[in-house]
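**Student:** Next comes work00.csv, CSV, C-alpha atoms:
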chain,number,residue,atom,x,y,z
A,1,MET,CA,-25.7,-10.9,-20.4
A,2,LEU,CA,-26.6,-7.5,-19.0
A,3,PHE,CA,-24.5,-7.7,-15.9
A,4,LYS,CA,-21.4,-8.7,-17.9
A,5,ARG,CA,-21.6,-5.7,-20.1
A,6,SER,CA,-22.3,-3.4,-17.2
A,7,LEU,CA,-19.4,-4.9,-15.2
A,8,LEU,CA,-17.0,-4.6,-18.1
A,9,HIS,CA,-17.9,-1.0,-18.8
A,10,GLU,CA,-17.4,0.0,-15.2
A,11,LEU,CA,-14.2,-2.0,-14.8
A,12,ILE,CA,-12.6,-0.2,-17.8
A,13,SER,CA,-13.5,3.3,-16.5
A,14,THR,CA,-12.3,2.5,-13.0
A,15,ALA,CA,-9.1,0.9,-14.2
A,16,ALA,CA,-8.4,4.0,-16.4
A,17,GLY,CA,-8.8,6.3,-13.4
A,18,ALA,CA,-6.7,4.1,-11.1
A,19,PHE,CA,-4.0,3.8,-13.7
A,20,LEU,CA,-3.7,7.5,-14.2
A,21,ILE,CA,-3.6,8.1,-10.4
A,22,LEU,CA,-0.9,5.5,-9.9
A,23,VAL,CA,1.2,6.8,-12.9
A,24,GLY,CA,0.9,10.3,-11.4
A,25,ILE,CA,2.1,9.0,-8.0
A,26,VAL,CA,5.1,7.4,-9.6
A,27,ILE,CA,5.9,10.4,-11.7
A,28,ALA,CA,5.7,12.7,-8.7
A,29,GLN,CA,7.9,10.4,-6.6
A,30,ARG,CA,10.6,9.9,-9.3
A,31,ALA,CA,10.5,13.6,-10.3
A,32,GLY,CA,11.0,14.7,-6.8
A,33,ASN,CA,14.0,12.4,-6.5
A,34,PHE,CA,15.6,13.5,-9.8
A,35,ILE,CA,15.0,17.2,-9.1
A,36,ARG,CA,16.7,16.8,-5.8
A,37,LEU,CA,19.7,15.3,-7.6
A,38,ALA,CA,19.7,18.0,-10.2
A,39,ALA,CA,19.6,20.7,-7.5
A,40,LYS,CA,22.8,19.2,-6.0
A,41,GLY,CA,24.5,19.1,-9.4
A,42,ILE,CA,24.6,15.3,-9.6
A,43,LEU,CA,22.1,15.1,-12.5
A,44,ALA,CA,21.8,17.4,-15.4
A,45,ASN,CA,18.5,19.4,-15.8
A,46,ASP,CA,18.0,18.2,-19.3
A,47,ALA,CA,18.1,14.5,-18.2
A,48,ILE,CA,15.2,14.7,-15.7
A,49,ILE,CA,12.4,14.0,-18.2
A,50,THR,CA,14.3,11.1,-19.9
A,51,MET,CA,15.0,9.5,-16.6
A,52,ILE,CA,11.3,9.8,-15.6
A,53,GLY,CA,10.3,8.2,-18.9
A,54,PHE,CA,12.6,5.2,-18.3
A,55,SER,CA,11.3,4.8,-14.7
A,56,ILE,CA,7.7,4.8,-15.9
A,57,ILE,CA,8.4,2.1,-18.4
A,58,LYS,CA,10.3,0.1,-15.8
A,59,PHE,CA,7.5,0.2,-13.3
A,60,LEU,CA,4.7,-0.2,-15.8
A,61,PRO,CA,4.1,-3.9,-15.2
A,62,MET,CA,3.7,-3.4,-11.4
A,63,ILE,CA,1.5,-0.4,-12.0
A,64,LEU,CA,-0.8,-2.4,-14.3
A,65,SER,CA,-0.9,-5.3,-11.8
A,66,LEU,CA,-2.0,-3.0,-9.0
A,67,THR,CA,-4.4,-1.3,-11.3
A,68,LEU,CA,-6.3,-4.5,-12.1
A,69,PHE,CA,-6.5,-5.4,-8.4
A,70,LEU,CA,-7.9,-2.0,-7.4
A,71,ALA,CA,-10.2,-1.8,-10.4
A,72,VAL,CA,-12.0,-5.1,-9.6
A,73,LEU,CA,-12.0,-4.3,-5.9
A,74,MET,CA,-13.4,-0.8,-6.2
A,75,THR,CA,-16.0,-1.7,-8.8
A,76,LEU,CA,-17.5,-4.7,-6.9
A,77,SER,CA,-17.2,-2.8,-3.6
A,78,ARG,CA,-19.4,0.0,-5.1
A,79,TRP,CA,-21.9,-2.6,-6.3
A,80,TYR,CA,-22.1,-4.1,-2.8
A,81,ARG,CA,-22.4,-0.7,-1.2
A,82,ASP,CA,-25.3,0.3,-3.6
A,83,SER,CA,-27.0,-3.1,-3.1
A,84,GLU,CA,-26.6,-4.0,-6.8
A,85,MET,CA,-24.8,-7.3,-5.8
A,86,VAL,CA,-27.9,-8.3,-3.8
A,87,ILE,CA,-30.0,-8.0,-7.0
A,88,TRP,CA,-27.6,-10.1,-9.0
A,89,PHE,CA,-27.3,-12.7,-6.2
A,90,SER,CA,-31.1,-12.8,-6.0
A,91,SER,CA,-31.3,-13.5,-9.8
A,92,GLY,CA,-29.2,-16.7,-9.2
A,93,ILE,CA,-25.7,-15.5,-9.8
A,94,SER,CA,-23.3,-17.0,-7.2
A,95,ILE,CA,-20.0,-15.5,-6.1
A,96,THR,CA,-18.1,-17.8,-8.4
A,97,GLY,CA,-20.2,-16.6,-11.3
A,98,TRP,CA,-18.2,-13.4,-11.3
A,99,ILE,CA,-14.9,-15.1,-12.1
A,100,ARG,CA,-15.6,-15.5,-15.8
A,101,PRO,CA,-16.5,-11.9,-16.6
A,102,VAL,CA,-13.6,-10.6,-14.4
A,103,LEU,CA,-11.2,-12.9,-16.3
A,104,SER,CA,-12.5,-11.6,-19.6
A,105,PHE,CA,-11.4,-8.1,-18.5
A,106,VAL,CA,-8.1,-8.9,-16.8
A,107,THR,CA,-6.7,-11.6,-19.2
A,108,PRO,CA,-5.7,-9.2,-22.0
A,109,VAL,CA,-4.1,-6.8,-19.5
A,110,ILE,CA,-2.2,-9.8,-17.9
A,111,LEU,CA,-0.9,-10.8,-21.3
A,112,LEU,CA,0.3,-7.2,-21.8
A,113,ILE,CA,1.9,-7.3,-18.3
A,114,LEU,CA,3.7,-10.6,-19.4
A,115,VAL,CA,5.1,-9.0,-22.5
A,116,LEU,CA,6.2,-5.8,-20.6
A,117,SER,CA,7.8,-7.9,-17.9
A,118,LEU,CA,9.7,-10.2,-20.1
A,119,PHE,CA,10.8,-7.8,-22.9
A,120,VAL,CA,10.1,-4.1,-22.3
A,121,MET,CA,11.1,-3.8,-18.6
A,122,PRO,CA,14.6,-5.2,-19.1
A,123,TRP,CA,15.0,-3.0,-22.2
A,124,ALA,CA,14.0,0.1,-20.2
A,125,THR,CA,16.4,-0.9,-17.4
A,126,ASN,CA,19.3,-1.4,-19.8
A,127,LYS,CA,18.6,1.9,-21.6
A,128,GLY,CA,18.3,3.7,-18.4
A,129,ASN,CA,21.6,2.4,-17.2
A,130,GLU,CA,23.3,3.3,-20.5
A,131,TYR,CA,21.9,6.8,-20.3
A,132,ARG,CA,23.1,7.2,-16.7
A,133,ARG,CA,26.6,6.1,-17.7
A,134,GLN,CA,26.5,8.6,-20.6
A,135,LEU,CA,25.5,11.4,-18.1
A,136,GLU,CA,28.4,10.4,-15.9
A,137,SER,CA,30.8,10.7,-18.8
A,138,ARG,CA,29.7,14.2,-19.9
A,139,ASP,CA,32.1,17.0,-19.4
A,140,GLU,CA,32.0,19.2,-16.3
A,141,LEU,CA,30.1,22.0,-17.9
A,142,SER,CA,27.3,19.7,-19.0
A,143,SER,CA,26.7,18.7,-15.3
A,144,ILE,CA,26.4,22.3,-14.1
A,145,SER,CA,23.0,23.5,-13.1
A,146,PRO,CA,22.3,27.3,-13.4
A,147,GLY,CA,22.6,29.0,-10.0
A,148,VAL,CA,24.5,26.2,-8.3
A,149,PHE,CA,28.2,26.0,-7.5
A,150,LYS,CA,29.7,22.9,-9.0
A,151,GLU,CA,33.1,21.5,-8.0
A,152,SER,CA,35.2,19.8,-10.7
A,153,ASN,CA,36.0,16.1,-10.7
A,154,ARG,CA,39.5,16.7,-9.4
A,155,GLY,CA,38.4,19.3,-6.9
A,156,ASP,CA,40.7,22.0,-8.2
A,157,ARG,CA,37.9,24.2,-9.7
A,158,VAL,CA,34.6,25.6,-8.7
A,159,PHE,CA,32.1,26.7,-11.4
A,160,PHE,CA,29.1,28.9,-11.2
A,161,ILE,CA,26.9,29.9,-14.2
A,162,GLU,CA,23.9,32.0,-13.8
A,163,SER,CA,22.0,30.8,-16.9
A,164,PHE,CA,22.2,29.0,-20.3
A,165,ASP,CA,20.7,29.9,-23.6
A,166,GLU,CA,17.9,27.8,-25.1
A,167,LEU,CA,20.4,25.4,-26.8
A,168,GLY,CA,22.7,25.2,-23.7
A,169,ASN,CA,25.7,26.4,-25.7
A,170,ILE,CA,26.0,30.0,-24.5
A,171,VAL,CA,26.5,30.6,-20.8
A,172,LYS,CA,26.0,33.9,-19.0
A,173,ASN,CA,27.6,35.5,-16.0
A,174,ILE,CA,30.4,32.9,-15.3
A,175,PHE,CA,32.4,32.5,-12.1
A,176,VAL,CA,35.3,30.1,-12.0
A,177,GLN,CA,37.7,29.6,-9.0
A,178,SER,CA,40.8,27.5,-9.6
A,179,ILE,CA,44.0,26.6,-7.8
A,180,GLN,CA,47.1,26.2,-9.9
A,181,HIS,CA,50.7,26.0,-8.6
A,182,GLN,CA,49.4,26.8,-5.1
A,183,LYS,CA,47.9,30.1,-6.3
A,184,LEU,CA,44.3,31.0,-6.2
A,185,GLY,CA,42.7,32.2,-9.5
A,186,ILE,CA,39.3,33.7,-9.9
A,187,ILE,CA,37.7,34.4,-13.3
A,188,VAL,CA,34.5,36.3,-13.9
A,189,ALA,CA,33.0,36.9,-17.4
A,190,GLU,CA,29.8,38.2,-18.9
A,191,LYS,CA,29.3,35.3,-21.2
A,192,GLY,CA,31.0,32.3,-22.8
A,193,HIS,CA,30.5,29.4,-25.2
A,194,ARG,CA,31.7,25.9,-25.8
A,195,LEU,CA,34.5,25.1,-28.2
A,196,ILE,CA,35.5,21.6,-29.4
A,197,GLU,CA,38.8,21.2,-31.1
A,198,LYS,CA,39.6,18.7,-33.8
A,199,ASN,CA,41.4,16.5,-31.4
A,200,GLY,CA,38.2,16.3,-29.3
A,201,ASP,CA,39.3,18.6,-26.5
A,202,HIS,CA,36.5,20.6,-24.9
A,203,PHE,CA,37.0,24.2,-23.9
A,204,VAL,CA,34.7,26.9,-22.5
A,205,VAL,CA,35.7,30.3,-24.0
A,206,MET,CA,34.8,33.2,-21.7
A,207,GLU,CA,34.4,36.7,-23.1
A,208,ASN,CA,34.7,40.2,-21.6
A,209,GLY,CA,35.9,39.3,-18.2
A,210,ARG,CA,38.6,39.6,-15.6
A,211,ARG,CA,41.0,37.2,-14.0
A,212,TYR,CA,42.4,37.7,-10.5
A,213,GLN,CA,45.3,35.6,-9.3
A,214,GLY,CA,47.3,35.6,-6.1
A,215,THR,CA,48.5,33.7,-3.0
A,216,ARG,CA,45.9,32.8,-0.4
A,217,GLY,CA,46.4,34.6,2.9
A,218,THR,CA,48.1,37.6,1.3
A,219,ALA,CA,47.0,40.8,-0.3
A,220,GLU,CA,49.1,40.3,-3.4
A,221,PHE,CA,46.8,39.8,-6.3
A,222,SER,CA,47.2,40.5,-10.0
A,223,THR,CA,44.3,41.6,-12.2
A,224,THR,CA,44.0,40.9,-15.9
A,225,GLN,CA,41.2,42.0,-18.1
A,226,PHE,CA,40.6,39.9,-21.2
A,227,GLU,CA,38.3,39.7,-24.2
A,228,GLU,CA,38.6,35.9,-24.5
A,229,TYR,CA,39.9,33.4,-22.1
A,230,ALA,CA,39.7,29.6,-22.6
A,231,ILE,CA,39.6,26.9,-20.0
A,232,ARG,CA,39.9,23.2,-20.9
A,233,VAL,CA,37.0,21.2,-19.6
A,234,GLU,CA,37.6,17.7,-18.5
A,235,THR,CA,35.7,14.8,-20.0
A,236,LYS,CA,35.5,11.3,-18.7
A,237,GLU,CA,35.5,8.1,-20.8
A,238,VAL,CA,32.3,6.2,-20.9
A,239,LYS,CA,32.4,3.4,-18.4
A,240,GLN,CA,32.0,0.0,-19.9
A,241,GLU,CA,30.3,-2.0,-17.2
A,242,PRO,CA,28.8,-5.5,-17.6
A,243,PRO,CA,25.0,-5.4,-17.6
A,244,ASN,CA,23.3,-6.3,-14.3
A,245,THR,CA,20.8,-9.1,-14.1
A,246,GLU,CA,17.8,-6.7,-14.3
A,247,SER,CA,19.0,-5.2,-17.6
A,248,LYS,CA,19.6,-8.6,-19.3
A,249,SER,CA,17.1,-9.7,-21.9
A,250,SER,CA,14.9,-12.8,-21.1
A,251,LYS,CA,16.7,-14.6,-24.0
A,252,GLU,CA,20.1,-14.0,-22.3
A,253,LEU,CA,18.7,-15.3,-19.0
A,254,LEU,CA,17.5,-18.5,-20.7
A,255,GLN,CA,20.8,-19.1,-22.4
A,256,ASN,CA,22.9,-18.7,-19.2
A,257,LYS,CA,20.9,-20.6,-16.6
A,258,ASN,CA,22.7,-19.8,-13.4
A,259,ILE,CA,20.9,-19.3,-10.1
A,260,VAL,CA,20.8,-15.5,-10.3
A,261,ASN,CA,19.5,-15.5,-13.9
A,262,GLN,CA,16.8,-18.1,-13.1
A,263,ALA,CA,15.7,-16.2,-10.1
A,264,GLU,CA,15.4,-13.0,-12.2
A,265,LEU,CA,13.4,-14.9,-14.8
A,266,GLN,CA,11.0,-16.2,-12.1
A,267,TRP,CA,10.6,-12.7,-10.8
A,268,ARG,CA,9.5,-11.5,-14.3
A,269,PHE,CA,6.9,-14.3,-14.5
A,270,ALA,CA,5.8,-13.5,-10.9
A,271,ILE,CA,4.4,-10.1,-11.9
A,272,PRO,CA,1.7,-11.4,-14.3
A,273,ILE,CA,1.0,-14.4,-12.0
A,274,SER,CA,0.5,-12.2,-9.0
A,275,ALA,CA,-1.8,-9.9,-11.1
A,276,PHE,CA,-4.0,-12.9,-12.0
A,277,ILE,CA,-4.2,-14.1,-8.4
A,278,LEU,CA,-4.9,-10.7,-7.0
A,279,SER,CA,-7.6,-10.0,-9.5
A,280,LEU,CA,-9.4,-13.2,-8.4
A,281,MET,CA,-8.9,-12.4,-4.8
A,282,ALA,CA,-10.5,-9.0,-5.3
A,283,ILE,CA,-13.9,-10.7,-6.0
A,284,PRO,CA,-14.6,-12.1,-2.5
A,285,LEU,CA,-12.5,-9.3,-0.9
A,286,SER,CA,-14.9,-6.6,-2.3
A,287,ALA,CA,-17.7,-7.6,0.0
A,288,THR,CA,-18.1,-4.6,2.3
A,289,ASP,CA,-20.1,-3.5,5.3
A,290,PRO,CA,-22.1,-0.3,4.4
A,291,ARG,CA,-21.5,1.0,7.9
A,292,ALA,CA,-17.7,0.8,7.5
A,293,GLY,CA,-17.5,2.4,4.1
A,294,ARG,CA,-15.0,1.4,1.4
A,295,SER,CA,-11.9,2.8,3.2
A,296,VAL,CA,-11.5,-0.5,5.1
A,297,ASN,CA,-11.5,-2.6,2.0
A,298,PHE,CA,-9.2,-0.2,0.2
A,299,ALA,CA,-6.7,-0.3,3.1
A,300,MET,CA,-6.9,-4.0,3.3
A,301,ALA,CA,-6.2,-4.3,-0.4
A,302,LEU,CA,-3.1,-2.2,-0.1
A,303,ILE,CA,-1.9,-4.2,2.9
A,304,ILE,CA,-2.4,-7.5,1.0
A,305,TYR,CA,-0.6,-6.2,-2.1
A,306,MET,CA,2.3,-5.0,0.0
A,307,ILE,CA,2.6,-8.3,1.8
A,308,TYR,CA,2.4,-10.3,-1.5
A,309,SER,CA,5.0,-8.0,-3.1
A,310,ASN,CA,7.4,-8.1,-0.2
A,311,LEU,CA,7.0,-11.9,0.2
A,312,LEU,CA,8.0,-12.3,-3.5
A,313,SER,CA,11.0,-10.0,-2.9
A,314,ILE,CA,12.1,-12.1,0.1
A,315,MET,CA,11.7,-15.4,-1.8
A,316,HIS,CA,13.6,-13.9,-4.7
A,317,ALA,CA,16.5,-12.9,-2.3
A,318,TRP,CA,16.5,-16.3,-0.7
A,319,VAL,CA,16.8,-18.0,-4.0
A,320,ILE,CA,19.8,-15.9,-5.0
A,321,GLN,CA,21.4,-16.6,-1.5
A,322,LYS,CA,20.7,-20.3,-2.1
A,323,LYS,CA,18.5,-20.5,1.0
A,324,VAL,CA,15.7,-21.8,-1.2
A,325,HIS,CA,16.2,-24.2,-4.0
A,326,ILE,CA,15.6,-22.8,-7.5
A,327,ILE,CA,13.0,-25.4,-8.2
A,328,ILE,CA,10.9,-24.1,-5.3
A,329,GLY,CA,11.7,-20.5,-6.3
A,330,LEU,CA,8.9,-18.0,-5.8
A,331,TRP,CA,6.1,-20.5,-6.1
A,332,PRO,CA,5.4,-20.8,-2.3
A,333,ALA,CA,4.3,-17.1,-2.3
A,334,HIS,CA,1.9,-17.7,-5.2
A,335,LEU,CA,0.6,-20.9,-3.7
A,336,LEU,CA,-0.1,-19.2,-0.4
A,337,PHE,CA,-2.2,-16.5,-1.9
A,338,LEU,CA,-3.9,-18.8,-4.3
A,339,ILE,CA,-5.0,-21.0,-1.4
A,340,LEU,CA,-6.1,-17.8,0.5
A,341,THR,CA,-8.1,-16.8,-2.6
A,342,ILE,CA,-9.8,-20.2,-2.8
A,343,TYR,CA,-10.6,-20.1,0.9
A,344,MET,CA,-12.1,-16.7,0.6
A,345,PHE,CA,-14.3,-17.8,-2.2
A,346,TYR,CA,-15.4,-20.8,-0.1
A,347,ARG,CA,-16.2,-18.7,2.9
A,348,ARG,CA,-18.2,-16.2,0.7
A,349,ALA,CA,-20.1,-19.0,-1.0
A,350,GLN,CA,-21.1,-20.4,2.4
A,351,GLN,CA,-22.1,-16.9,3.4
A,352,LEU,CA,-19.5,-16.9,6.2
A,353,PRO,CA,-17.6,-13.8,7.2
A,354,ILE,CA,-14.0,-13.7,6.0
A,355,LEU,CA,-11.2,-11.7,7.6
A,356,PRO,CA,-11.7,-8.4,5.8
A,357,GLU,CA,-15.4,-8.4,6.6
A,358,LEU,CA,-14.7,-9.3,10.3
A,359,LEU,CA,-12.3,-6.4,10.5
A,360,SER,CA,-14.9,-4.1,8.8
A,361,ASN,CA,-17.5,-5.1,11.4
A,362,ILE,CA,-15.1,-4.6,14.3
A,363,PHE,CA,-14.1,-1.2,12.9
A,364,SER,CA,-17.6,-0.1,12.3
A,365,THR,CA,-18.9,-1.4,15.7
A,366,SER,CA,-16.0,0.3,17.5
A,367,TRP,CA,-16.7,3.6,15.6
A,368,LEU,CA,-20.4,3.5,16.5
A,369,LYS,CA,-19.6,2.9,20.2
A,370,ILE,CA,-17.1,5.8,20.3
A,371,SER,CA,-19.7,8.1,18.6
A,372,ALA,CA,-22.4,7.0,21.0
A,373,LYS,CA,-20.2,7.8,24.0
A,374,GLN,CA,-19.3,11.2,22.6
A,375,GLN,CA,-23.0,12.0,22.2
A,376,HIS,CA,-23.8,11.1,25.8
Take the structure from the file and write it as structure tokens.
**Tutor:**
Amino acid sequence: MLFKRSLLHELISTAAGAFLILVGIVIAQRAGNFIRLAAKGILANDAIITMIGFSIIKFLPMILSLTLFLAVLMTLSRWYRDSEMVIWFSSGISITGWIRPVLSFVTPVILLILVLSLFVMPWATNKGNEYRRQLESRDELSSISPGVFKESNRGDRVFFIESFDELGNIVKNIFVQSIQHQKLGIIVAEKGHRLIEKNGDHFVVMENGRRYQGTRGTAEFSTTQFEEYAIRVETKEVKQEPPNTESKSSKELLQNKNIVNQAELQWRFAIPISAFILSLMAIPLSATDPRAGRSVNFAMALIIYMIYSNLLSIMHAWVIQKKVHIIIGLWPAHLLFLILTIYMFYRRAQQLPILPELLSNIFSTSWLKISAKQQH
């Protein structure tokens, strides 16, 4: 039918735009956090892009779930606002007639969310944790950011490097402060490079510099000029930690059926289930009052999504804490919103106002009254 093709075309374009915006928001949020850690010297500069990539993959199921909800809501809201829905209703299409074309659009994406949630998301979480442990085990020089003072792991040295070369092997304008045998030593050099011995020891070899050594609080300092001076750089062993529940594969969760693993497995199924329910809820929720604009429905959609997501998180925590039986699990949250969706369809089919529409009417009426008072 014509309206199905028109609806599908607009849903795809709207979903693509919403997806790009949401991905951009996540990238900006995560990048800001990682850049802040890198500025403090906690995270290496070359690890920022990799960490952002793992974060995007990890949050991809939730991004797609919210994308479906917003795409259906924004598309049908525009049709209501431009009176296109009135035309389709006049031609005999009821509110329930939109379920099938909407499901034809969201079903493939929900299947993709299911695959991502069960297999890709735990893989990304596991790889992200492994990469973070590898970063923690890197030597002191690898964790230094140009232009930032970095204290050594034992607290007996302070490094400062102005810049690296493109490969990160050659360092320029080095400053090192160290304390050995209660004496203060300061080393400055024009440049330096890494050196790895056969036994695996790491050194930074400084060239064309000076070394000052003396006792703090006195004026007695010795000065030594050198062509090469090597400092051993400490390395830490890679920490072998057991994988957390989020990083375990779905197969591992099924094989070891304790409460924590079962709760995590229900959480992974909850993401595609919530995407399905929210996509259906967006159909009756999209009815908008032209006087209120689409901002009210959009704000209501975000509130509903946040309530649904937080309720799932609360139920998940209660299952782990054994406040809720594992058989009950997260299903009360799904059942509540499914009942709410059916109720909203019923109210819309009976041409009765539902809560979002009532709020829209109240908002628009109050706004009109305020505007009228200001004019008088």
**Student:** Would you compute the distance between atom CA of Pro61 of chain A and atom CA of Ile113 of chain A? Give it in Å to one decimal.
**Tutor:** 5.1 Å
**Student:** Taking into account only C-alpha atoms, which residue in the set A:Thr223, A:Ser286, A:Asn33, A:Gln255 is nearest to Thr75 of chain A?
**Tutor:**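 Of the candidates, the smallest distance to Thr75 of chain A is held by A:Ser286.
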**Student:** Of the candidates A:Ala28, A:Ile21, A:Leu7, A:Leu116, which one gets nearest to Leu60 of chain A if we count all atoms listed in the file?
**Tutor:**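 Residue with the minimum atom-to-atom distance to Leu60 of chain A: A:Leu116.
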**Student:** Quick one: pull the distance between atom CA of Arg210 of chain A and atom CA of Gln177 of chain A, Å, one decimal.
**Tutor:**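 Going from atom CA of Arg210 of chain A over to atom CA of Gln177 of chain A, I get 12.0 Å.
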**Student:** Using all atoms listed in the file, which residue out of A:Leu312, A:Leu184, A:Ile327, A:Ala16 lies closest to Thr218 of chain A?
**Tutor:**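 Ranking A:Leu312, A:Leu184, A:Ile327, A:Ala16 by distance to Thr218 of chain A, first place goes to A:Leu184.
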**Student:** With distances taken over only C-alpha atoms, which of A:Leu135, A:Ala270, A:Ile314, A:Leu11 is nearest to Met51 of chain A?
**Tutor:**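 Ranked by minimum distance to Met51 of chain A, first place goes to A:Leu135.
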**Student:** Give me, please, the distance in Å between atom CA of Lys4 of chain A and atom CA of Pro101 of chain A, quoted to one decimal.
**Tutor:**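 According to the coordinates, atom CA of Lys4 of chain A and atom CA of Pro101 of chain A are separated by 6.0 Å.
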**Student:** Since the input has fewer atoms than a full residue there, write segment 10-29 of chain A out with N, CA and C atoms, as a PDB file, in the coordinates of the input.
**Tutor:**
ATOM      1  N   GLU A  10     -17.819  -0.656 -16.382  1.00  0.00           N
ATOM      2  CA  GLU A  10     -17.400   0.000 -15.200  1.00  0.00           C
ATOM      3  C   GLU A  10     -15.945  -0.359 -14.795  1.00  0.00           C
ATOM      4  N   LEU A  11     -15.559  -1.612 -15.078  1.00  0.00           N
ATOM      5  CA  LEU A  11     -14.200  -2.000 -14.800  1.00  0.00           C
ATOM      6  C   LEU A  11     -13.196  -1.200 -15.650  1.00  0.00           C
ATOM      7  N   ILE A  12     -13.531  -0.967 -16.902  1.00  0.00           N
ATOM      8  CA  ILE A  12     -12.600  -0.200 -17.800  1.00  0.00           C
ATOM      9  C   ILE A  12     -12.484   1.226 -17.296  1.00  0.00           C
ATOM     10  N   SER A  13     -13.603   1.853 -16.960  1.00  0.00           N
ATOM     11  CA  SER A  13     -13.500   3.300 -16.500  1.00  0.00           C
ATOM     12  C   SER A  13     -12.791   3.359 -15.171  1.00  0.00           C
ATOM     13  N   THR A  14     -13.044   2.422 -14.255  1.00  0.00           N
ATOM     14  CA  THR A  14     -12.300   2.500 -13.000  1.00  0.00           C
ATOM     15  C   THR A  14     -10.864   2.186 -13.119  1.00  0.00           C
ATOM     16  N   ALA A  15     -10.522   1.227 -13.989  1.00  0.00           N
ATOM     17  CA  ALA A  15      -9.100   0.900 -14.200  1.00  0.00           C
ATOM     18  C   ALA A  15      -8.372   2.082 -14.842  1.00  0.00           C
ATOM     19  N   ALA A  16      -9.032   2.789 -15.752  1.00  0.00           N
ATOM     20  CA  ALA A  16      -8.400   4.000 -16.400  1.00  0.00           C
ATOM     21  C   ALA A  16      -8.085   5.029 -15.339  1.00  0.00           C
ATOM     22  N   GLY A  17      -9.052   5.293 -14.461  1.00  0.00           N
ATOM     23  CA  GLY A  17      -8.800   6.300 -13.400  1.00  0.00           C
ATOM     24  C   GLY A  17      -7.729   5.863 -12.449  1.00  0.00           C
ATOM     25  N   ALA A  18      -7.742   4.579 -12.022  1.00  0.00           N
ATOM     26  CA  ALA A  18      -6.700   4.100 -11.100  1.00  0.00           C
ATOM     27  C   ALA A  18      -5.340   4.111 -11.731  1.00  0.00           C
ATOM     28  N   PHE A  19      -5.268   3.769 -13.024  1.00  0.00           N
ATOM     29  CA  PHE A  19      -4.000   3.800 -13.700  1.00  0.00           C
ATOM     30  C   PHE A  19      -3.389   5.170 -13.781  1.00  0.00           C
ATOM     31  N   LEU A  20      -4.203   6.146 -14.106  1.00  0.00           N
ATOM     32  CA  LEU A  20      -3.700   7.500 -14.200  1.00  0.00           C
ATOM     33  C   LEU A  20      -3.234   8.029 -12.832  1.00  0.00           C
ATOM     34  N   ILE A  21      -3.971   7.667 -11.784  1.00  0.00           N
ATOM     35  CA  ILE A  21      -3.600   8.100 -10.400  1.00  0.00           C
ATOM     36  C   ILE A  21      -2.240   7.456 -10.042  1.00  0.00           C
ATOM     37  N   LEU A  22      -2.089   6.149 -10.303  1.00  0.00           N
ATOM     38  CA  LEU A  22      -0.900   5.500  -9.900  1.00  0.00           C
ATOM     39  C   LEU A  22       0.329   5.990 -10.749  1.00  0.00           C
ATOM     40  N   VAL A  23       0.114   6.242 -12.041  1.00  0.00           N
ATOM     41  CA  VAL A  23       1.200   6.800 -12.900  1.00  0.00           C
ATOM     42  C   VAL A  23       1.574   8.193 -12.336  1.00  0.00           C
ATOM     43  N   GLY A  24       0.575   8.986 -11.958  1.00  0.00           N
ATOM     44  CA  GLY A  24       0.900  10.300 -11.400  1.00  0.00           C
ATOM     45  C   GLY A  24       1.662  10.212 -10.114  1.00  0.00           C
ATOM     46  N   ILE A  25       1.349   9.225  -9.267  1.00  0.00           N
ATOM     47  CA  ILE A  25       2.100   9.000  -8.000  1.00  0.00           C
ATOM     48  C   ILE A  25       3.554   8.691  -8.314  1.00  0.00           C
ATOM     49  N   VAL A  26       3.760   7.761  -9.265  1.00  0.00           N
ATOM     50  CA  VAL A  26       5.100   7.400  -9.600  1.00  0.00           C
ATOM     51  C   VAL A  26       5.901   8.525 -10.206  1.00  0.00           C
ATOM     52  N   ILE A  27       5.254   9.290 -11.100  1.00  0.00           N
ATOM     53  CA  ILE A  27       5.900  10.400 -11.700  1.00  0.00           C
ATOM     54  C   ILE A  27       6.315  11.462 -10.648  1.00  0.00           C
ATOM     55  N   ALA A  28       5.394  11.736  -9.719  1.00  0.00           N
ATOM     56  CA  ALA A  28       5.700  12.700  -8.700  1.00  0.00           C
ATOM     57  C   ALA A  28       6.846  12.245  -7.786  1.00  0.00           C
ATOM     58  N   GLN A  29       6.845  10.939  -7.449  1.00  0.00           N
ATOM     59  CA  GLN A  29       7.900  10.400  -6.600  1.00  0.00           C
ATOM     60  C   GLN A  29       9.267  10.455  -7.285  1.00  0.00           C
TER      61      GLN A  29
END
